[in-house]
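Text of model.cif, listed as mmCIF, C-alpha atoms:
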```cif
data_data
#
loop_
_atom_site.label_atom_id
_atom_site.label_comp_id
_atom_site.auth_asym_id
_atom_site.auth_seq_id
_atom_site.Cartn_x
_atom_site.Cartn_y
_atom_site.Cartn_z
CA MET A 78 2.48 -10.66 22.59
CA GLN A 79 1.40 -14.15 21.58
CA ALA A 80 -1.66 -13.83 23.83
CA LEU A 81 -2.62 -10.58 22.10
CA ILE A 82 -2.22 -12.20 18.68
CA ARG A 83 -4.46 -15.10 19.74
CA ARG A 84 -7.14 -12.74 21.05
CA LEU A 85 -7.06 -10.66 17.86
CA ALA A 86 -7.22 -13.81 15.74
CA ARG A 87 -10.26 -15.06 17.67
CA ALA A 88 -11.92 -11.66 17.28
CA VAL A 89 -11.72 -11.88 13.47
CA ASN A 90 -12.57 -15.61 13.38
CA ALA A 91 -9.05 -16.58 12.23
CA GLU A 92 -6.28 -18.88 13.40
CA SER A 93 -3.08 -17.26 14.71
CA ALA A 94 -1.02 -18.36 11.67
CA GLU A 95 -3.59 -16.83 9.33
CA LEU A 96 -3.73 -13.44 11.03
CA PRO A 97 -0.96 -11.65 9.02
CA ALA A 98 -2.55 -12.64 5.70
CA VAL A 99 -6.05 -11.75 6.90
CA LEU A 100 -4.89 -8.28 7.98
CA ALA A 101 -3.06 -7.82 4.66
CA GLY A 102 -6.22 -8.77 2.79
CA PHE A 103 -8.21 -6.32 4.94
CA ALA A 104 -5.68 -3.57 4.18
CA LEU A 105 -5.66 -4.33 0.45
CA PHE A 106 -9.43 -3.90 0.22
CA PHE A 107 -9.21 -0.78 2.36
CA CYS A 108 -6.83 0.80 -0.16
CA LEU A 109 -8.91 -0.22 -3.18
CA PHE A 110 -12.22 1.00 -1.78
CA ALA A 111 -10.91 4.16 -0.13
CA GLY A 112 -9.52 5.16 -3.52
CA TYR A 113 -12.63 4.12 -5.45
CA PHE A 114 -15.08 5.76 -3.06
CA MET A 115 -13.15 9.01 -3.24
CA LEU A 116 -13.85 8.85 -6.97
CA ARG A 117 -17.38 7.40 -6.92
CA PRO A 118 -19.15 10.68 -5.94
CA ILE A 119 -17.22 12.35 -8.77
CA ARG A 120 -18.40 9.63 -11.16
CA GLU A 121 -22.04 10.08 -10.10
CA ALA A 122 -21.82 13.84 -10.57
CA MET A 123 -20.18 13.39 -13.99
CA GLY A 124 -22.93 11.00 -15.00
CA ILE A 125 -25.42 13.77 -14.29
CA THR A 126 -23.18 16.27 -16.16
CA GLY A 127 -23.43 14.03 -19.20
CA GLY A 128 -27.22 14.09 -18.92
CA VAL A 129 -29.46 11.80 -16.88
CA SER A 130 -31.36 10.93 -20.07
CA ASN A 131 -28.06 9.64 -21.53
CA LEU A 132 -27.20 7.23 -18.69
CA GLN A 133 -28.32 4.19 -20.67
CA TRP A 134 -25.83 5.21 -23.40
CA LEU A 135 -23.05 5.42 -20.82
CA PHE A 136 -23.99 1.97 -19.54
CA SER A 137 -23.93 0.62 -23.10
CA ALA A 138 -20.56 2.26 -23.78
CA THR A 139 -19.21 0.66 -20.60
CA PHE A 140 -20.40 -2.75 -21.78
CA VAL A 141 -18.70 -2.30 -25.17
CA VAL A 142 -15.43 -1.30 -23.49
CA MET A 143 -15.73 -4.40 -21.29
CA LEU A 144 -16.16 -6.60 -24.38
CA LEU A 145 -12.92 -5.19 -25.78
CA ALA A 146 -10.98 -5.21 -22.51
CA VAL A 147 -11.79 -8.66 -21.12
CA PRO A 148 -10.08 -10.68 -23.92
CA LEU A 149 -6.99 -8.47 -23.56
CA PHE A 150 -6.81 -9.05 -19.82
CA ALA A 151 -7.49 -12.78 -20.30
CA TRP A 152 -4.67 -12.90 -22.85
CA LEU A 153 -2.38 -11.19 -20.32
CA ASN A 154 -3.48 -13.71 -17.69
CA SER A 155 -2.38 -16.51 -20.05
CA LYS A 156 1.05 -14.92 -20.65
CA VAL A 157 2.20 -13.75 -17.21
CA SER A 158 2.19 -15.67 -13.95
CA ARG A 159 -0.59 -15.22 -11.42
CA ILE A 160 1.96 -13.77 -9.02
CA GLN A 161 2.61 -10.91 -11.51
CA PHE A 162 -0.81 -10.53 -13.15
CA ILE A 163 -2.26 -8.11 -10.60
CA ASP A 164 0.90 -5.97 -10.78
CA TRP A 165 0.24 -5.47 -14.48
CA VAL A 166 -3.49 -4.76 -14.02
CA TYR A 167 -3.13 -2.33 -11.13
CA GLY A 168 -0.10 -0.66 -12.71
CA PHE A 169 -2.09 -0.04 -15.89
CA PHE A 170 -4.98 1.57 -14.01
CA CYS A 171 -2.58 3.62 -11.91
CA LEU A 172 -1.17 5.17 -15.08
CA ASN A 173 -4.72 5.83 -16.29
CA LEU A 174 -5.50 7.76 -13.11
CA LEU A 175 -2.41 9.91 -13.55
CA ALA A 176 -3.51 10.66 -17.13
CA PHE A 177 -6.94 11.79 -15.90
CA VAL A 178 -5.27 14.06 -13.34
CA LEU A 179 -3.57 15.88 -16.20
CA LEU A 180 -6.66 15.97 -18.44
CA PHE A 181 -8.94 17.42 -15.76
CA CYS A 182 -6.34 20.06 -14.93
CA LEU A 183 -6.40 21.11 -18.60
CA ASP A 184 -10.19 20.99 -19.20
CA HIS A 185 -12.23 20.54 -16.03
CA ASP A 186 -15.66 21.34 -17.52
CA SER A 187 -15.57 19.15 -20.62
CA VAL A 188 -18.80 17.12 -20.96
CA TRP A 189 -17.09 14.49 -23.12
CA LEU A 190 -14.23 14.12 -20.65
CA ALA A 191 -16.84 13.62 -17.90
CA ARG A 192 -18.48 10.89 -19.99
CA VAL A 193 -15.14 9.19 -20.70
CA PHE A 194 -14.24 9.24 -17.01
CA TYR A 195 -17.67 7.82 -16.09
CA VAL A 196 -17.19 4.87 -18.46
CA TRP A 197 -13.56 4.38 -17.46
CA ILE A 198 -14.20 4.24 -13.71
CA SER A 199 -17.10 1.84 -14.27
CA VAL A 200 -14.59 -0.49 -15.98
CA TYR A 201 -11.83 0.24 -13.46
CA ASN A 202 -13.95 -0.59 -10.43
CA LEU A 203 -15.04 -4.01 -11.62
CA PHE A 204 -11.59 -5.06 -12.81
CA VAL A 205 -9.64 -4.06 -9.70
CA VAL A 206 -12.21 -5.56 -7.32
CA SER A 207 -12.69 -8.73 -9.37
CA VAL A 208 -8.97 -9.56 -9.52
CA ALA A 209 -8.63 -8.74 -5.81
CA TRP A 210 -11.28 -11.33 -4.97
CA SER A 211 -9.63 -13.77 -7.39
CA LEU A 212 -6.47 -13.26 -5.36
CA MET A 213 -8.33 -13.97 -2.10
CA ALA A 214 -9.89 -17.13 -3.54
CA ASP A 215 -6.37 -18.16 -4.61
CA VAL A 216 -4.72 -17.46 -1.26
CA PHE A 217 -7.43 -18.98 0.99
CA ASP A 218 -9.23 -22.30 0.60
CA ALA A 219 -13.02 -22.84 0.85
CA ALA A 220 -13.07 -23.51 4.60
CA GLN A 221 -10.95 -20.43 5.28
CA ALA A 222 -13.18 -18.38 2.99
CA ARG A 223 -16.25 -19.07 5.13
CA ARG A 224 -14.44 -17.84 8.24
CA LEU A 225 -12.35 -15.01 6.84
CA PHE A 226 -13.99 -13.40 3.80
CA ALA A 227 -16.44 -11.38 5.88
CA PHE A 228 -13.63 -9.71 7.83
CA ILE A 229 -11.56 -9.18 4.67
CA ALA A 230 -14.62 -7.60 3.03
CA ALA A 231 -14.86 -5.33 6.07
CA GLY A 232 -11.65 -3.71 4.80
CA ALA A 233 -13.68 -2.62 1.79
CA SER A 234 -16.30 -1.09 4.07
CA VAL A 235 -13.72 0.78 6.17
CA GLY A 236 -12.20 2.07 2.94
CA GLY A 237 -15.69 2.88 1.74
CA LEU A 238 -16.27 4.90 4.91
CA CYS A 239 -13.03 6.85 4.59
CA GLY A 240 -13.31 7.40 0.82
CA PRO A 241 -16.58 9.38 0.67
CA LEU A 242 -15.65 11.22 3.86
CA LEU A 243 -12.35 12.32 2.29
CA SER A 244 -14.12 13.16 -0.95
CA THR A 245 -16.71 15.29 0.84
CA LEU A 246 -14.14 17.11 3.00
CA LEU A 247 -11.34 17.55 0.46
CA VAL A 248 -13.06 18.12 -2.89
CA GLY A 249 -13.21 21.86 -2.16
CA TYR A 250 -9.45 21.99 -1.39
CA LEU A 251 -7.83 19.43 -3.70
CA GLY A 252 -10.37 19.41 -6.48
CA GLU A 253 -11.26 16.32 -8.48
CA SER A 254 -7.71 15.94 -9.83
CA GLY A 255 -6.22 15.86 -6.34
CA LEU A 256 -8.59 13.09 -5.29
CA MET A 257 -7.61 11.09 -8.39
CA LEU A 258 -3.94 11.44 -7.45
CA MET A 259 -4.63 10.13 -3.94
CA ALA A 260 -6.50 7.15 -5.42
CA ALA A 261 -3.47 6.33 -7.60
CA VAL A 262 -1.20 6.28 -4.53
CA LEU A 263 -3.56 3.91 -2.71
CA LEU A 264 -3.59 1.61 -5.73
CA GLY A 265 0.20 1.48 -5.54
CA VAL A 266 0.01 0.45 -1.88
CA ALA A 267 -2.44 -2.33 -2.86
CA ILE A 268 0.20 -3.76 -5.22
CA SER A 269 2.65 -4.11 -2.32
CA LEU A 270 0.03 -5.86 -0.18
CA LYS A 271 -0.76 -8.26 -3.01
CA ARG A 272 2.91 -9.25 -3.19
CA TYR A 273 2.91 -10.03 0.53
CA LEU A 274 -0.21 -12.20 0.21
CA MET A 275 1.21 -14.23 -2.66
CA GLY A 276 4.43 -14.70 -0.69
CA TRP A 277 2.43 -15.88 2.33
CA ARG A 278 0.52 -18.31 0.13
CA GLU A 279 3.74 -19.86 -1.13
CA GLY A 280 5.62 -19.78 2.18
CA ARG A 281 2.87 -20.91 4.54
CA GLY A 282 0.92 -23.24 2.23
CA ALA A 283 -2.45 -21.60 2.90
CA GLY A 284 -4.41 -24.10 0.82
CA ARG A 285 -5.10 -27.68 1.75
CA PRO A 286 -3.70 -30.44 -0.49
CA GLY A 287 -5.54 -30.53 -3.79
CA ALA A 288 -6.03 -28.50 -6.90
CA GLN A 289 -5.43 -25.16 -5.26
CA ALA A 290 -2.13 -26.19 -3.73
CA SER A 291 -0.88 -27.91 -6.88
CA GLU A 292 -1.41 -24.96 -9.23
CA SER A 293 1.70 -22.82 -8.89
CA PRO A 294 1.07 -19.04 -8.86
CA ARG A 295 4.37 -18.67 -10.72
CA ARG A 296 2.77 -20.09 -13.87
CA PRO A 297 0.20 -18.34 -16.09
CA VAL A 298 -3.43 -19.45 -15.89
CA ALA A 299 -4.28 -22.06 -18.50
CA GLY A 300 -6.60 -21.35 -21.40
CA ASN A 301 -7.02 -18.80 -24.17
CA PRO A 302 -8.42 -15.24 -24.12
CA PHE A 303 -11.97 -16.58 -24.57
CA SER A 304 -11.82 -19.54 -22.19
CA GLY A 305 -13.72 -17.60 -19.53
CA LEU A 306 -16.76 -17.56 -21.82
CA THR A 307 -16.41 -21.15 -23.03
CA ARG A 308 -16.01 -22.57 -19.52
CA LEU A 309 -18.97 -20.51 -18.35
CA LEU A 310 -21.21 -21.95 -21.08
CA ARG A 311 -20.19 -25.53 -20.21
CA SER A 312 -21.11 -25.33 -16.50
CA ARG A 313 -24.65 -25.06 -15.11
CA TYR A 314 -23.19 -23.93 -11.79
CA LEU A 315 -21.23 -21.07 -13.37
CA LEU A 316 -24.20 -20.15 -15.60
CA GLY A 317 -26.28 -19.92 -12.43
CA ILE A 318 -23.77 -17.48 -10.96
CA GLY A 319 -23.94 -15.45 -14.19
CA ALA A 320 -27.76 -15.32 -14.01
CA PHE A 321 -27.51 -14.30 -10.34
CA ILE A 322 -25.31 -11.35 -11.37
CA LEU A 323 -27.73 -10.34 -14.16
CA LEU A 324 -30.63 -10.17 -11.70
CA LEU A 325 -28.48 -8.27 -9.20
CA THR A 326 -27.58 -5.66 -11.83
CA SER A 327 -31.21 -5.30 -12.94
CA VAL A 328 -32.33 -4.45 -9.42
CA SER A 329 -29.36 -2.14 -8.87
CA THR A 330 -29.78 -0.30 -12.17
CA PHE A 331 -33.48 0.44 -11.64
CA LEU A 332 -32.67 1.99 -8.27
CA TYR A 333 -29.58 3.80 -9.60
CA PHE A 334 -31.47 5.52 -12.43
CA GLU A 335 -34.24 6.68 -10.11
CA GLN A 336 -31.65 8.01 -7.66
CA ALA A 337 -29.83 9.94 -10.42
CA ARG A 338 -33.09 11.44 -11.68
CA LEU A 339 -34.16 12.67 -8.24
CA VAL A 340 -30.72 13.97 -7.20
CA ALA A 341 -30.41 15.90 -10.49
CA ALA A 342 -33.78 17.53 -9.80
CA LEU A 343 -33.14 18.34 -6.13
CA PHE A 344 -29.40 19.28 -6.23
CA PRO A 345 -28.42 21.11 -9.45
CA ASP A 346 -24.88 22.10 -8.32
CA ARG A 347 -22.16 19.49 -9.10
CA ALA A 348 -20.20 20.05 -5.88
CA GLU A 349 -23.43 19.61 -3.91
CA GLN A 350 -24.17 16.41 -5.81
CA VAL A 351 -20.72 15.09 -4.88
CA ARG A 352 -21.47 15.81 -1.22
CA VAL A 353 -24.92 14.14 -1.36
CA PHE A 354 -23.51 11.00 -2.95
CA GLY A 355 -20.65 11.07 -0.44
CA VAL A 356 -23.08 11.14 2.50
CA ILE A 357 -25.07 8.22 1.07
CA ASP A 358 -21.86 6.23 0.54
CA PHE A 359 -20.76 6.96 4.11
CA VAL A 360 -24.04 5.66 5.57
CA VAL A 361 -23.87 2.54 3.38
CA GLN A 362 -20.31 1.68 4.35
CA ALA A 363 -20.96 2.25 8.08
CA GLY A 364 -23.88 -0.17 7.97
CA ALA A 365 -21.97 -2.72 5.90
CA LEU A 366 -18.97 -2.58 8.22
CA SER A 367 -21.08 -3.28 11.30
CA ALA A 368 -22.67 -6.31 9.62
CA GLN A 369 -19.35 -7.66 8.31
CA LEU A 370 -17.62 -7.45 11.68
CA PHE A 371 -20.37 -8.94 13.81
CA ILE A 372 -22.82 -10.88 11.64
CA THR A 373 -21.70 -12.13 8.21
CA GLY A 374 -18.97 -14.67 9.04
CA ARG A 375 -20.89 -16.24 11.90
CA LEU A 376 -24.09 -16.30 9.85
CA ALA A 377 -22.30 -18.12 7.02
CA GLN A 378 -20.86 -20.70 9.42
CA ARG A 379 -24.15 -21.38 11.20
CA LEU A 380 -26.80 -21.03 8.48
CA GLY A 381 -24.77 -21.44 5.30
CA VAL A 382 -24.05 -19.46 2.15
CA ARG A 383 -27.65 -19.75 0.94
CA VAL A 384 -28.82 -17.38 3.67
CA LEU A 385 -26.21 -14.79 2.64
CA LEU A 386 -27.38 -14.95 -0.98
CA ALA A 387 -31.16 -15.04 -0.41
CA LEU A 388 -31.79 -12.74 2.56
CA VAL A 389 -30.97 -9.42 0.87
CA PRO A 390 -33.01 -10.05 -2.32
CA ALA A 391 -36.03 -10.88 -0.14
CA LEU A 392 -35.66 -7.58 1.74
CA VAL A 393 -35.18 -5.65 -1.52
CA SER A 394 -38.31 -7.22 -3.01
CA LEU A 395 -40.30 -6.04 0.00
CA GLY A 396 -38.67 -2.61 -0.32
CA PHE A 397 -39.76 -2.28 -3.93
CA ILE A 398 -43.32 -3.02 -2.86
CA GLY A 399 -42.99 -0.23 -0.30
CA LEU A 400 -41.66 2.08 -3.02
CA ALA A 401 -44.67 1.28 -5.21
CA LEU A 402 -46.97 2.30 -2.35
CA ALA A 403 -44.94 5.40 -1.32
CA PRO A 404 -42.80 6.64 -4.27
CA THR A 405 -40.80 9.31 -2.38
CA PHE A 406 -37.10 10.21 -2.36
CA ALA A 407 -36.83 9.17 1.29
CA MET A 408 -38.23 5.70 0.51
CA LEU A 409 -35.96 5.36 -2.54
CA ALA A 410 -32.86 6.45 -0.59
CA GLY A 411 -33.70 4.03 2.22
CA LEU A 412 -34.14 1.13 -0.22
CA MET A 413 -30.92 2.05 -2.02
CA ILE A 414 -29.03 2.06 1.28
CA VAL A 415 -30.50 -1.30 2.38
CA ARG A 416 -29.70 -2.87 -0.99
CA ARG A 417 -26.11 -1.66 -1.00
CA ILE A 418 -25.44 -2.54 2.66
CA GLY A 419 -26.82 -6.01 2.00
CA GLU A 420 -24.75 -6.44 -1.15
CA TYR A 421 -21.48 -5.42 0.49
CA ALA A 422 -22.07 -7.24 3.79
CA PHE A 423 -23.80 -10.44 2.67
CA VAL A 424 -24.15 -10.92 -1.08
CA ARG A 425 -20.59 -10.06 -2.11
CA PRO A 426 -18.81 -12.28 0.45
CA GLY A 427 -21.36 -15.02 -0.25
CA ARG A 428 -20.87 -15.00 -3.99
CA GLU A 429 -17.07 -15.01 -3.58
CA MET A 430 -17.42 -18.13 -1.43
CA LEU A 431 -18.97 -19.84 -4.47
CA PHE A 432 -15.59 -19.60 -6.27
CA ALA A 433 -13.27 -20.66 -3.42
CA PRO A 434 -13.32 -24.44 -4.14
CA LEU A 435 -12.89 -24.03 -7.93
CA ASP A 436 -9.74 -24.26 -10.08
CA ALA A 437 -7.50 -21.31 -11.00
CA GLU A 438 -8.99 -20.84 -14.48
CA SER A 439 -12.48 -20.51 -12.99
CA LYS A 440 -11.24 -18.15 -10.24
CA TYR A 441 -9.45 -15.81 -12.63
CA LYS A 442 -10.90 -16.09 -16.14
CA VAL A 443 -14.51 -17.18 -15.63
CA LYS A 444 -14.91 -15.03 -12.56
CA ASN A 445 -13.40 -12.04 -14.33
CA PHE A 446 -15.75 -12.56 -17.29
CA ILE A 447 -18.78 -12.75 -14.99
CA ASP A 448 -17.69 -9.79 -12.86
CA THR A 449 -17.04 -7.55 -15.87
CA VAL A 450 -18.80 -8.51 -19.12
CA VAL A 451 -21.83 -10.18 -17.54
CA TYR A 452 -22.12 -7.47 -14.88
CA ARG A 453 -21.87 -4.55 -17.28
CA GLY A 454 -23.97 -6.38 -19.87
CA GLY A 455 -26.68 -6.63 -17.23
CA ASP A 456 -26.27 -2.92 -16.52
CA ALA A 457 -26.70 -2.08 -20.21
CA LEU A 458 -29.72 -4.33 -20.75
CA SER A 459 -31.49 -3.17 -17.60
CA GLY A 460 -30.62 0.47 -18.42
CA TRP A 461 -32.44 0.22 -21.73
CA ALA A 462 -35.26 -1.74 -20.07
CA LYS A 463 -35.61 1.11 -17.56
CA ALA A 464 -35.72 3.65 -20.40
CA GLY A 465 -38.42 1.57 -22.11
CA LEU A 466 -40.48 1.37 -18.93
CA ASP A 467 -40.16 5.15 -18.49
CA MET A 468 -41.61 5.63 -21.97
CA LEU A 469 -44.81 3.90 -20.83
CA GLY A 470 -45.41 6.88 -18.56
CA GLN A 471 -46.41 4.91 -15.45
CA GLY A 472 -43.82 6.56 -13.21
CA THR A 473 -42.07 4.94 -10.27
CA TRP A 474 -44.93 2.49 -9.61
CA LEU A 475 -44.22 0.30 -12.65
CA ILE A 476 -40.45 0.34 -12.02
CA ALA A 477 -41.06 -0.78 -8.45
CA VAL A 478 -43.31 -3.68 -9.47
CA VAL A 479 -40.82 -4.96 -12.06
CA GLY A 480 -38.00 -4.48 -9.55
CA ALA A 481 -39.87 -6.52 -6.91
CA PHE A 482 -40.31 -9.39 -9.39
CA CYS A 483 -36.61 -9.34 -10.39
CA ALA A 484 -35.53 -9.26 -6.74
CA ALA A 485 -37.73 -12.28 -5.96
CA LEU A 486 -36.12 -14.28 -8.79
CA TRP A 487 -32.70 -13.10 -7.59
CA GLY A 488 -33.42 -14.46 -4.12
CA LEU A 489 -34.64 -17.84 -5.38
CA LEU A 490 -31.51 -18.31 -7.49
CA GLY A 491 -29.32 -17.24 -4.57
CA TRP A 492 -30.99 -19.86 -2.38
CA TYR A 493 -30.26 -22.55 -5.01
CA LEU A 494 -26.60 -21.56 -5.56
CA GLY A 495 -25.96 -21.20 -1.85
CA GLY A 496 -27.47 -24.62 -1.31
CA ARG A 497 -25.05 -26.10 -3.86
CA ALA A 498 -22.11 -24.45 -2.07
CA ASP A 499 -23.33 -25.65 1.33
CA ALA A 500 -23.71 -29.19 0.00
CA ARG A 501 -20.12 -29.17 -1.31
CA ALA A 502 -18.88 -27.94 2.05
CA GLY A 503 -20.77 -30.74 3.79
CA GLU A 504 -19.19 -33.35 1.53
CA ARG A 505 -15.66 -32.11 2.40
CA GLN A 506 -16.23 -32.27 6.15
#
```

The structure given in the file should be rewritten as structure tokens.
Amino acid sequence: MQALIRRLARAVNAESAELPAVLAGFALFFCLFAGYFMLRPIREAMGITGGVSNLQWLFSATFVVMLLAVPLFAWLNSKVSRIQFIDWVYGFFCLNLLAFVLLFCLDHDSVWLARVFYVWISVYNLFVVSVAWSLMADVFDAAQARRLFAFIAAGASVGGLCGPLLSTLLVGYLGESGLMLMAAVLLGVAISLKRYLMGWREGRGAGRPGAQASESPRRPVAGNPFSGLTRLLRSRYLLGIGAFILLLTSVSTFLYFEQARLVAALFPDRAEQVRVFGVIDFVVQAGALSAQLFITGRLAQRLGVRVLLALVPALVSLGFIGLALAPTFAMLAGLMIVRRIGEYAFVRPGREMLFAPLDAESKYKVKNFIDTVVYRGGDALSGWAKAGLDMLGQGTWLIAVVGAFCAALWGLLGWYLGGRADARAGERQ
């Protein structure tokens, strides 16, 4: 048995004592992403139901909701211990899902309900994923993060594979409400896994001596409801991460709007749209999983975080140039898939590694502010920028040129931030 544990630990780049926590982290992300990706095709279809020309309004509404929600969650983070905070957050969203189950049973075809759900799930996704990564940065130290975050992120990709597959196969039998109920159950399982991870952190002493080990998870995070913003503004390093996220969202939003426009034109039926988005999600998660299991962790160890953060933007910039030369749905879908595989497999684990050596307030409050307000603010700004570019009447060509420029800046900033993280890691060795 011990020999099997050692082999499995080596396979995932972990030490034997770390294996239970690593598998729990993998399972937690599986539950979160299986539930979310069952709902994501529904969200995309509901965005089209609300009108493709209104997507920038939905993005703006999401940003406003984020501005209202983040101080409330930061206040909660200052009042309850870290060991209980995620219970409150996930419990709240679980109740929300149950409410939507009832509402969609009562009025399935409501356009306004579709718009509310679109905004809500855009908020839900960022919050549940952001606090999950805050948990991982709390449980594992910086050295462990380099080895283990790629495999833990692979749990998200496995969940992302199962989610759209379940959505595609079951939407005709369970309906949208049934899929929402399944997502609520998976969120409840994630709460149990979180409790195990926090217990492992306390019992096994996952962190090395230092700030991480000295900050008890049984105490609330220091600061006030707005300390995430104030600490962000005082740190060039954290501001750089915020700018990195803004450029990421600009690239993503340009591609997302073009995808929505073309899918609405080619697939007018909502159930068919759900299936199309489900197939795209399945391909993305399969590619991301392969990279996470066999490439990401070893690439981070050998070449550093800067390669994780700069490689994908460089490929996306080249892809935008290809889209400018050949503005077809096939080219757009291929670029969208490459961008999303790269984000899940390389960029997301890489950017989470940037937070691993920081203090608890940065891991929870600043990170949450960046992952929610900054992220959705970037969505809103780039959504209106996309609408403005469309008004110029130059078609996909102009969008692709602007996208290539944004992706190039994104890559340069990723190279700089990754270099900072690699330099810190070198100083600790």

- With distances taken over all atoms listed in the file, which of A:Ala342, A:Thr139, A:Leu256, A:Gly396 is nearest to Val200 in chain A? A:Thr139

- Note on the structure: CA of Ala111 in chain A sits from CA of Met259 in chain A at a separation of 9.5 Å

- Pick out the residues sitting within 8 Å of Leu153 in chain A, and hand them over as a PyMOL selection string; count only C-alpha atoms, and ignore anything fewer than 4 positions along from it in its own chain. chain A and resi 149+157+162

Same residues, C-alpha atoms, saved as a short mmCIF file (atom, residue, chain, number, x, y, z; two decimals), keeping the file's coordinate frame:
```cif
data_model
loop_
_atom_site.label_atom_id
_atom_site.label_comp_id
_atom_site.auth_asym_id
_atom_site.auth_seq_id
_atom_site.Cartn_x
_atom_site.Cartn_y
_atom_site.Cartn_z
CA LEU A 149 -6.99 -8.47 -23.56
CA VAL A 157 2.20 -13.75 -17.21
CA PHE A 162 -0.81 -10.53 -13.15
#
```

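Residues matched by the PyMOL selection byres ((chain A and resi 194) around 10) in this file: Ile119, Arg120, Met123, Gly124, Leu174, Phe177, Phe181, Val188, Trp189, Leu190, Ala191, Arg192, Val193, Tyr195, Val196, Trp197, Ile198, Ser199, Val200 and Tyr201 of chain A.
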
- Evaluate the PyMOL selection byres ((chain A and resi 340) around 9) on the structure here and hand back the selected residues as a PyMOL selection string. chain A and resi 125+335-339+341-345+350+353-354+406

Selection export as a tab-separated table (two decimals), in the coordinates of the input, atoms kept: C-alpha atoms:
```tsv
chain	number	residue	atom	x	y	z
A	125	ILE	CA	-25.42	13.77	-14.29
A	335	GLU	CA	-34.24	6.68	-10.11
A	336	GLN	CA	-31.65	8.01	-7.66
A	337	ALA	CA	-29.83	9.94	-10.42
A	338	ARG	CA	-33.09	11.44	-11.68
A	339	LEU	CA	-34.16	12.67	-8.24
A	341	ALA	CA	-30.41	15.90	-10.49
A	342	ALA	CA	-33.78	17.53	-9.80
A	343	LEU	CA	-33.14	18.34	-6.13
A	344	PHE	CA	-29.40	19.28	-6.23
A	345	PRO	CA	-28.42	21.11	-9.45
A	350	GLN	CA	-24.17	16.41	-5.81
A	353	VAL	CA	-24.92	14.14	-1.36
A	354	PHE	CA	-23.51	11.00	-2.95
A	406	PHE	CA	-37.10	10.21	-2.36
```

- I would like the residues chosen by the PyMOL selection byres ((chain A and resi 366-382) around 8) on the shown file; could you give them as a PyMOL selection string? chain A and resi 89-90+223-228+230-231+234-235+362-365+383-386+422-423+427+430+495-496+498-499

Tell me which protein, DNA and RNA residues are within 12 Å of Leu145 in chain A, counting all atoms listed in the file, leaving out same-chain ones fewer than 6 positions away, and put them as a tab-separated table (two decimals) with C-alpha atoms, in the coordinates of the input.
```tsv
chain	number	residue	atom	x	y	z
A	138	ALA	CA	-20.56	2.26	-23.78
A	139	THR	CA	-19.21	0.66	-20.60
A	151	ALA	CA	-7.49	-12.78	-20.30
A	152	TRP	CA	-4.67	-12.90	-22.85
A	200	VAL	CA	-14.59	-0.49	-15.98
A	302	PRO	CA	-8.42	-15.24	-24.12
A	303	PHE	CA	-11.97	-16.58	-24.57
A	446	PHE	CA	-15.75	-12.56	-17.29
A	449	THR	CA	-17.04	-7.55	-15.87
A	450	VAL	CA	-18.80	-8.51	-19.12
```

- Query: range 208-211 of chain A: which residues within 8 Å, counting only C-alpha atoms, same-chain residues fewer than 4 positions away excluded, as an MDAnalysis selection string?
  - Reply: chainID A and resid 106 163 204 215 429 440:441 444:445

- Task: Would you mind reading off the distance between CA of Asp448 in chain A and CA of Val206 in chain A, one decimal, in Å?
- Result: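 We find that CA of Asp448 in chain A and CA of Val206 in chain A lie 8.9 Å from each other.
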
- Measure the distance from CA of Gly480 in chain A to CA of Val393 in chain A in Å and round it to one decimal.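 Pair CA of Gly480 in chain A / CA of Val393 in chain A returns 8.6 Å.
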
- Task: Please provide as a list in words all residues within 10 Å of Gly102 in chain A, with the sequence filter that same-chain residues fewer than 2 positions apart are discarded (counting only C-alpha atoms).
- Result: Leu96, Pro97, Ala98, Val99, Leu100, Ala104, Leu105, Phe106, Phe107, Ala209, Trp210, Leu212, Met213, Val216, Leu225, Phe226, Phe228, Ile229, Ala230, Ala231, Gly232, Ala233, Ala267, Leu270, Lys271, Tyr273 and Leu274 of chain A

List every protein, DNA or RNA residue with an atom no more than 7 Å from (-26.9, 4.4, 1.6) in the file's coordinates, counting only C-alpha atoms, and format the result as a compact mmCIF listing (two decimals) with C-alpha atoms, in the coordinates of the input.
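As a result, selection.txt now contains:
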```
# COMPACT_ATOMS: atom_id res chain seq x y z
CA ILE A 357 -25.07 8.22 1.07
CA ASP A 358 -21.86 6.23 0.54
CA VAL A 360 -24.04 5.66 5.57
CA VAL A 361 -23.87 2.54 3.38
CA ALA A 410 -32.86 6.45 -0.59
CA GLY A 411 -33.70 4.03 2.22
CA MET A 413 -30.92 2.05 -2.02
CA ILE A 414 -29.03 2.06 1.28
CA VAL A 415 -30.50 -1.30 2.38
CA ARG A 417 -26.11 -1.66 -1.00
```

- Message: Considering all atoms listed in the file, can you say which of A:Leu490, A:Cys108, A:Val479, A:Val451 comes closest to Thr326 in chain A?
- Response: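 Using all atoms listed in the file, the shortest distance to Thr326 in chain A belongs to A:Val451.
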
- Query: Taking all atoms listed in the file into account, which of A:Leu332, A:Leu388, A:Leu395, A:Leu109 comes nearest Leu409 in chain A?
  - Reply: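 The answer is A:Leu332, which sits nearest to Leu409 in chain A.
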
- Considering only C-alpha atoms, state which residue in the set A:Ile322, A:Val205, A:Val248, A:Val142 is at the smallest distance from Arg425 in chain A. A:Ile322

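Shortest atom-to-atom contact with Gly305 in chain A among A:Val443, A:Met275, A:Val266, A:Leu135: A:Val443, counting only C-alpha atoms.
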